[in-house]
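S.K.: To start, I am sharing the structure in question, which I have written as structure tokens.
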2 protein chains.
Amino acid sequence: MDNLFERPDHAMLPGKSSWYVAVMGEIHLASDKVSPDAMAQFNLTSYLLSRQEIVTRHLENALRPRRPEILFKSMQYSLESEGKRLRPILCLAGCDLGGGDPTLAIPTACALEMLHTASLIHDDLPAMDNDDLRRGKPANHKVFGEGIALLAGDALLSYALEFILINTQQVPADRLLRVMHTLINRVGISGLAGGQAVDIESEGREEIDLETVEFIHSRKTGSLIDAAMVTGATLAGADEGTIARLSRYARKVGIAFQIVDDVLDVVGTSQQLGKTPNKDERSRKATYPRLFGVEGSMRRARELIDSAKAEMEPFGHRAIPLLAMAEFVYTRSA
Amino acid sequence: MDNLFERPDHAMLPGKSSWYVAVMGEIHLASDKVSPDAMAQFNLTSYLLSRQEIVTRHLENALRPRRPEILFKSMQYSLESEGKRLRPILCLAGCDLGGGDPTLAIPTACALEMLHTASLIHDDLPAMDNDDLRRGKPANHKVFGEGIALLAGDALLSYALEFILINTQQVPADRLLRVMHTLINRVGISGLAGGQAVDIESEGREEIDLETVEFIHSRKTGSLIDAAMVTGATLAGADEGTIARLSRYARKVGIAFQIVDDVLDVVGTSQQLGKTPNKDERSRKATYPRLFGVEGSMRRARELIDSAKAEMEPFGHRAIPLLAMAEFVYTRSA
């Protein structure tokens with residue numbers, strides 16, 4: 001795994017979706033502590049693509065064929081979908097900023113994508129959001145049936161954790177336990193599952209409030225983005241102050257990410273999104289645009305992104321990738 | 001937690017179901033290596049009740065109220081159901097036989113029951129076995145709806161692992177990592193989820209074979225029974241030979257347990273079972289009785305139990321509880 005993170009810039013990979021395009025546009029890296037020169041030299045597209053390629057390659061080899069074949073295929077089907085790999089990339093960045101070799105964090109980065117994928121499979125089931133389309137192709141249960149899809153979610157959740165234990169090398173056991181603890185906590189009642197429960201409970205309600213919307217967003221989206229930064233920094237052996245700062249950055253970026261997601265649901269097309277647009281409005285979901293409209297929502301996202309970027313000031317130039325990623329979360333179009 | 005395991009014999013707890021009654025009957029503890037006197041003195045009922053009480057008490061306090069309330073209540077509803085607590089009791093026994101203080105294993109014992117409960121919640125869903133009755137009361141999804149039930153399963157799975165990390169004391173980190181690894185492995189594609197996938201795939205098929213039935217049983221039932229013994233012994237710091245021997249015992253007892261379960265489904269009543277009887281036949285499940293009839297199935301269970309007991313010979317009198325439990329798995333009526 002030598003030099004994985006020092007590959008030359010390369011052009012757009014063929015066959016990839018429009019989300020790359022957004023980052024080619026104007027990116028604000030406004031921060032008094034980071035020189036404009038350094039920012040101008042940083043190529044976010046190249047940064048994201050190189051890391052995404054590493055994660056995708058490892059994910060492709062993560063699952064070995066095993067019985068039962070149908071369950072294996074169902075797990076593989078969703079895992080090999082084209083995704084932004086945002087959580088894995090943030091995990092690698094957290095490890096880097098925490099002072100560690102990002103290679104250490106590759107298994108955990110892959111595990112974060114598996115946990116995210118597991119939750120998407122369950123969320124799409126008819127008993128939940130009843131979505132037929134995900135990441136540009138039929139949802140897992142449309143291909144494999146509801147029973148197998150449910151089990152594929154369960155199996156991916158456990159395999160994510162196993163993948164870390166099998167593949168992480170040269171990390172002390174107590175650090176690894178803390179990584180496990182963070183991930184386990186963020187997928188349960190205090191994280192993904194809790195957020196999704198309030199989400200389906202509040203669906204169809206006439207009255208929604210900001211507190212409910214932020215509860216849902218911070219759990220459904222914030223949890224794993226936070227886990228990504230925290231586990232990356234933990235693997236690196238970062239000090240508590242750094243871990244806490246990265247966690248605050250992640251929580252803010254996580255909510256902003258979800259606000260933009262909800263706005264894109266209102267203004268986007270299914271081709272751009274790879275999932276059914278306008279789904280939230282039709283099912284009367286608790287979203288930011290429902291509370292504040294598109295413009296008010298984007299204003300809130302802007303505040304959160306600026307606040308997240310301010311958290312990065314003590315890190316100086318080392319934080320450039322995280323500053324650029326925060327900005328990208330705001331400007332993305334899919 | 002002093003003296004938890006040295007309480008005096010006590011009478012039947014009120015309000016408990018008929019499964020205790022079975023152990024009051026004749027128990028064969030035939031083994032050349034264990035003296036008849038020692039066996040006569042061993043009171044299996046008292047042994048099981050005292051341990052069951054400990055586990056149930058800890059499970060009752062395991063979940064603290066937290067938001068979202070509906071998800072918390074759904075998790076609690078299934079966890080507080082009356083169960084045999086077989087897996088937790090085996091975990092404590094595994095720790096004991098491995099030379100450890102069983103108190104160390106209480107959090108893991110509770111976690112095993114949570115993992116088992118999580119899998120039951122998912123198995124009962126309409127997309128899977130579609131069962132309305134579980135442990136003598138309505139299945140989780142009949143009370144809380146399918147979406148919340150699905151999330152309660154997910155949340156219990158992750159909370160089980162978190163519960164171990166929060167509550168296990170005085171166990172070295174590397175041992176704890178191995179415990180986590182064992183549990184994670186046994187709930188995924190190589191364990192519970194894999195077994196259930198083949199189970200629902202083979203449902204309704206005209207042709208079933210022994211290999212398929214044993215694949216399902218060893219995963220759906222054997223996995224967590226094996227995990228119980230292995231994690232108990234691991235927490236105790238037992239040597240590899242002991243762990244392997246306990247694992248072989250568990251695998252055999254696990255399959256025998258499921259054979260008896262399938263037989264009870266044919267001959268039992270819903271009051272005895274706490275779930276819908278004759279369900280397997282109606283849904284054309286892959287079971288032992290379908291292959292070999294009731295008598296042939298019980299013969300196979302007998303062989304497995306005898307073979308499991310033979311594994312215990314090197315442990316002498318210390319294995320009496322596991323010898324008695326193996327026998328109980330064969331003679332139980334619910």
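Going through the structure tokens in order, the chains are called A, B, and so on, while each chain numbers its residues from 1 and the ligands are numbered from 1 in the order shown.
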Based on only C-alpha atoms, which of the residues in chain B come within 7 Å of chain A? I want them as a PyMOL selection string.
M.R.: chain B and resi 68+71+127-128+146-148+151+154-155+158-159+162+165+173-174+177+181+184-185+187-189+193-194+197-198
S.K.: Taking the backbone alone, and naming residues the way the document does, which bits of segment 53-285 of chain A are strand (DSSP E or B) by DSSP, as a ChimeraX atom specification?
M.R.: /A:133-134,137-138
S.K.: Next, write the just-selected residues to a file, as a CSV table (one decimal), in the first residue's frame, keeping N, CA and C atoms as the atom set.
M.R.:
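What ended up in part-v1.csv:
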```
chain,number,residue,atom,x,y,z
A,133,LEU,N,-35.6,3.2,-5.8
A,133,LEU,CA,-34.4,3.5,-6.5
A,133,LEU,C,-33.4,4.0,-5.5
A,134,ARG,N,-32.1,3.6,-5.7
A,134,ARG,CA,-31.0,4.0,-4.8
A,134,ARG,C,-29.8,4.0,-5.6
A,137,LYS,N,-29.8,2.8,-9.2
A,137,LYS,CA,-30.3,1.5,-9.7
A,137,LYS,C,-31.4,1.0,-8.7
A,138,PRO,N,-32.1,-0.1,-9.1
A,138,PRO,CA,-33.2,-0.5,-8.2
A,138,PRO,C,-32.7,-0.8,-6.8
```
S.K.: Using the chain letters and numbers from this document, which residues of segment 78-295 of chain A does DSSP assign to alpha helix (DSSP H), as a PyMOL selection string?
M.R.: chain A and resi 78-79+86-97+106-124+140-144+146-167+173-187+192-202+210-217+223-236+240-267+270-273+279-282+288-295
S.K.: Just the residues within 12 Å of Met229 of chain A, please, counting only C-alpha atoms, with nothing from its chain fewer than 3 positions along; format it as a ChimeraX atom specification.
M.R.: /A:86-98,102,105,108-109,112,179,182-183,222-226,232-236,238,242-251,253-254,322
S.K.: With C-alpha atoms kept, could you save the residues just selected as a PDB file, in the first residue's frame?
M.R.:
```pdb
ATOM      1  CA  LEU A  86     -17.859  10.749   1.736  1.00  0.00           C
ATOM      2  CA  ARG A  87     -17.642   8.967   5.093  1.00  0.00           C
ATOM      3  CA  PRO A  88     -14.586   6.864   4.134  1.00  0.00           C
ATOM      4  CA  ILE A  89     -12.807   9.916   2.721  1.00  0.00           C
ATOM      5  CA  LEU A  90     -13.492  11.866   5.935  1.00  0.00           C
ATOM      6  CA  CYS A  91     -12.161   8.950   7.985  1.00  0.00           C
ATOM      7  CA  LEU A  92      -8.899   8.973   6.032  1.00  0.00           C
ATOM      8  CA  ALA A  93      -8.730  12.765   6.429  1.00  0.00           C
ATOM      9  CA  GLY A  94      -9.372  12.447  10.192  1.00  0.00           C
ATOM     10  CA  CYS A  95      -6.505   9.979  10.504  1.00  0.00           C
ATOM     11  CA  ASP A  96      -4.243  12.253   8.474  1.00  0.00           C
ATOM     12  CA  LEU A  97      -5.092  15.365  10.497  1.00  0.00           C
ATOM     13  CA  GLY A  98      -4.765  13.347  13.718  1.00  0.00           C
ATOM     14  CA  PRO A 102      -4.048   7.212   6.573  1.00  0.00           C
ATOM     15  CA  ALA A 105      -7.609   3.793   8.520  1.00  0.00           C
ATOM     16  CA  THR A 108     -12.336   1.483   9.072  1.00  0.00           C
ATOM     17  CA  ALA A 109     -13.045   3.771   6.116  1.00  0.00           C
ATOM     18  CA  LEU A 112     -18.086   3.156   7.437  1.00  0.00           C
ATOM     19  CA  VAL A 179     -13.073   2.621  17.293  1.00  0.00           C
ATOM     20  CA  THR A 182     -17.732   4.700  18.436  1.00  0.00           C
ATOM     21  CA  LEU A 183     -19.130   2.866  15.419  1.00  0.00           C
ATOM     22  CA  GLY A 222     -24.443  13.431  11.438  1.00  0.00           C
ATOM     23  CA  SER A 223     -23.766  10.187  13.320  1.00  0.00           C
ATOM     24  CA  LEU A 224     -21.645   8.411  10.736  1.00  0.00           C
ATOM     25  CA  ILE A 225     -19.936  11.566   9.494  1.00  0.00           C
ATOM     26  CA  ASP A 226     -18.969  12.212  13.090  1.00  0.00           C
ATOM     27  CA  GLY A 232      -9.900   8.282  11.875  1.00  0.00           C
ATOM     28  CA  ALA A 233      -8.362  10.489  14.550  1.00  0.00           C
ATOM     29  CA  THR A 234      -8.587   7.709  17.164  1.00  0.00           C
ATOM     30  CA  LEU A 235      -6.694   5.287  14.920  1.00  0.00           C
ATOM     31  CA  ALA A 236      -4.002   7.952  14.552  1.00  0.00           C
ATOM     32  CA  ALA A 238      -4.749  11.925  18.266  1.00  0.00           C
ATOM     33  CA  THR A 242      -8.165  17.197  18.391  1.00  0.00           C
ATOM     34  CA  ILE A 243     -10.756  14.423  18.441  1.00  0.00           C
ATOM     35  CA  ALA A 244     -13.346  16.767  20.004  1.00  0.00           C
ATOM     36  CA  ARG A 245     -12.629  19.496  17.458  1.00  0.00           C
ATOM     37  CA  LEU A 246     -12.944  17.100  14.519  1.00  0.00           C
ATOM     38  CA  SER A 247     -16.178  15.809  16.031  1.00  0.00           C
ATOM     39  CA  ARG A 248     -17.637  19.348  16.191  1.00  0.00           C
ATOM     40  CA  TYR A 249     -16.597  19.965  12.574  1.00  0.00           C
ATOM     41  CA  ALA A 250     -18.253  16.689  11.569  1.00  0.00           C
ATOM     42  CA  ARG A 251     -21.524  17.369  13.403  1.00  0.00           C
ATOM     43  CA  VAL A 253     -20.932  19.435   8.228  1.00  0.00           C
ATOM     44  CA  GLY A 254     -23.259  16.470   8.763  1.00  0.00           C
ATOM     45  CA  LEU A 322     -11.369  19.510   5.272  1.00  0.00           C
TER      46      LEU A 322
END
```
S.K.: May I ask for the distance between atom CA of Lys285 of chain B and atom CA of Glu203 of chain B, given in Å to one decimal place?
M.R.: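 Atom CA of Glu203 of chain B lies 4.9 Å from atom CA of Lys285 of chain B.
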S.K.: Which residue gives the smallest distance to Asp37 of chain B among B:Ile320, B:Leu210, B:Val55, B:Ala118, with only C-alpha atoms counted?
M.R.: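 When distances to Asp37 of chain B are compared using only C-alpha atoms, the smallest one comes from B:Ile320.
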S.K.: Report as an MDAnalysis selection string all protein, DNA and RNA residues lying within 7 Å of Ile216 of chain A, evaluated on only C-alpha atoms, omitting residues in the same chain fewer than 2 positions from it.
M.R.: chainID A and resid 195:196 198:199 212:214 218:220
S.K.: Print the selection's residues with N, CA, C and O atoms to a file, as a PDB file, in the first residue's frame.
M.R.:
```pdb
ATOM      1  N   GLY A 195     -32.452   8.041  14.736  1.00  0.00           N
ATOM      2  CA  GLY A 195     -32.849   9.075  13.783  1.00  0.00           C
ATOM      3  C   GLY A 195     -33.921   8.588  12.829  1.00  0.00           C
ATOM      4  O   GLY A 195     -34.908   9.277  12.563  1.00  0.00           O
ATOM      5  N   GLN A 196     -33.735   7.368  12.338  1.00  0.00           N
ATOM      6  CA  GLN A 196     -34.706   6.813  11.385  1.00  0.00           C
ATOM      7  C   GLN A 196     -36.054   6.571  12.070  1.00  0.00           C
ATOM      8  O   GLN A 196     -37.107   6.758  11.463  1.00  0.00           O
ATOM      9  N   VAL A 198     -37.433   8.348  14.529  1.00  0.00           N
ATOM     10  CA  VAL A 198     -38.150   9.629  14.616  1.00  0.00           C
ATOM     11  C   VAL A 198     -38.600  10.073  13.216  1.00  0.00           C
ATOM     12  O   VAL A 198     -39.689  10.633  13.050  1.00  0.00           O
ATOM     13  N   ASP A 199     -37.767   9.759  12.224  1.00  0.00           N
ATOM     14  CA  ASP A 199     -38.112  10.110  10.846  1.00  0.00           C
ATOM     15  C   ASP A 199     -39.424   9.441  10.432  1.00  0.00           C
ATOM     16  O   ASP A 199     -40.347  10.104   9.956  1.00  0.00           O
ATOM     17  N   THR A 212     -37.178  18.630  16.083  1.00  0.00           N
ATOM     18  CA  THR A 212     -37.366  17.285  15.520  1.00  0.00           C
ATOM     19  C   THR A 212     -36.508  17.106  14.274  1.00  0.00           C
ATOM     20  O   THR A 212     -35.836  16.079  14.101  1.00  0.00           O
ATOM     21  N   VAL A 213     -36.514  18.112  13.415  1.00  0.00           N
ATOM     22  CA  VAL A 213     -35.735  18.014  12.175  1.00  0.00           C
ATOM     23  C   VAL A 213     -34.245  17.870  12.495  1.00  0.00           C
ATOM     24  O   VAL A 213     -33.555  17.020  11.920  1.00  0.00           O
ATOM     25  N   GLU A 214     -33.769  18.652  13.463  1.00  0.00           N
ATOM     26  CA  GLU A 214     -32.326  18.558  13.789  1.00  0.00           C
ATOM     27  C   GLU A 214     -32.005  17.247  14.504  1.00  0.00           C
ATOM     28  O   GLU A 214     -30.905  16.707  14.348  1.00  0.00           O
ATOM     29  N   SER A 218     -29.189  15.055  12.778  1.00  0.00           N
ATOM     30  CA  SER A 218     -27.946  14.802  13.512  1.00  0.00           C
ATOM     31  C   SER A 218     -27.724  13.304  13.702  1.00  0.00           C
ATOM     32  O   SER A 218     -26.584  12.849  13.744  1.00  0.00           O
ATOM     33  N   ARG A 219     -28.809  12.532  13.801  1.00  0.00           N
ATOM     34  CA  ARG A 219     -28.655  11.073  13.949  1.00  0.00           C
ATOM     35  C   ARG A 219     -28.472  10.381  12.604  1.00  0.00           C
ATOM     36  O   ARG A 219     -27.572   9.582  12.436  1.00  0.00           O
ATOM     37  N   LYS A 220     -29.378  10.662  11.675  1.00  0.00           N
ATOM     38  CA  LYS A 220     -29.356   9.909  10.416  1.00  0.00           C
ATOM     39  C   LYS A 220     -28.134  10.215   9.577  1.00  0.00           C
ATOM     40  O   LYS A 220     -27.599   9.354   8.893  1.00  0.00           O
TER      41      LYS A 220
END
```
S.K.: Just how far from atom CA of Gly316 of chain A is atom CA of Asn43 of chain A, in Å to one decimal?
M.R.: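 So the answer is 17.1 Å.
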S.K.: Fewer than 3 positions away in the same chain doesn't count, so skip those; otherwise give me all residues within 10 Å of segment 78-82 of chain B, counting only C-alpha atoms, as a PyMOL selection string.
M.R.: chain B and resi 16-17+56-57+59-60+62-63+73-75+85+110+113-118+120-121+134-140+149+152-153+156+274
S.K.: At a cut-off of 7 Å, using only C-alpha atoms, what residues contact Ala324 of chain A? Leave out same-chain residues fewer than 3 positions from it and give the result as a list in words.
M.R.: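 What passes the distance filter is Leu29, Leu44, Ile320, Pro321, Glu327 and Phe328 of chain A.
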S.K.: So how far away is atom CA of Ala301 of chain B from atom CA of Pro289 of chain B, in Å?
M.R.: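 Atom-to-atom, atom CA of Pro289 of chain B and atom CA of Ala301 of chain B are spaced 11.3 Å apart.
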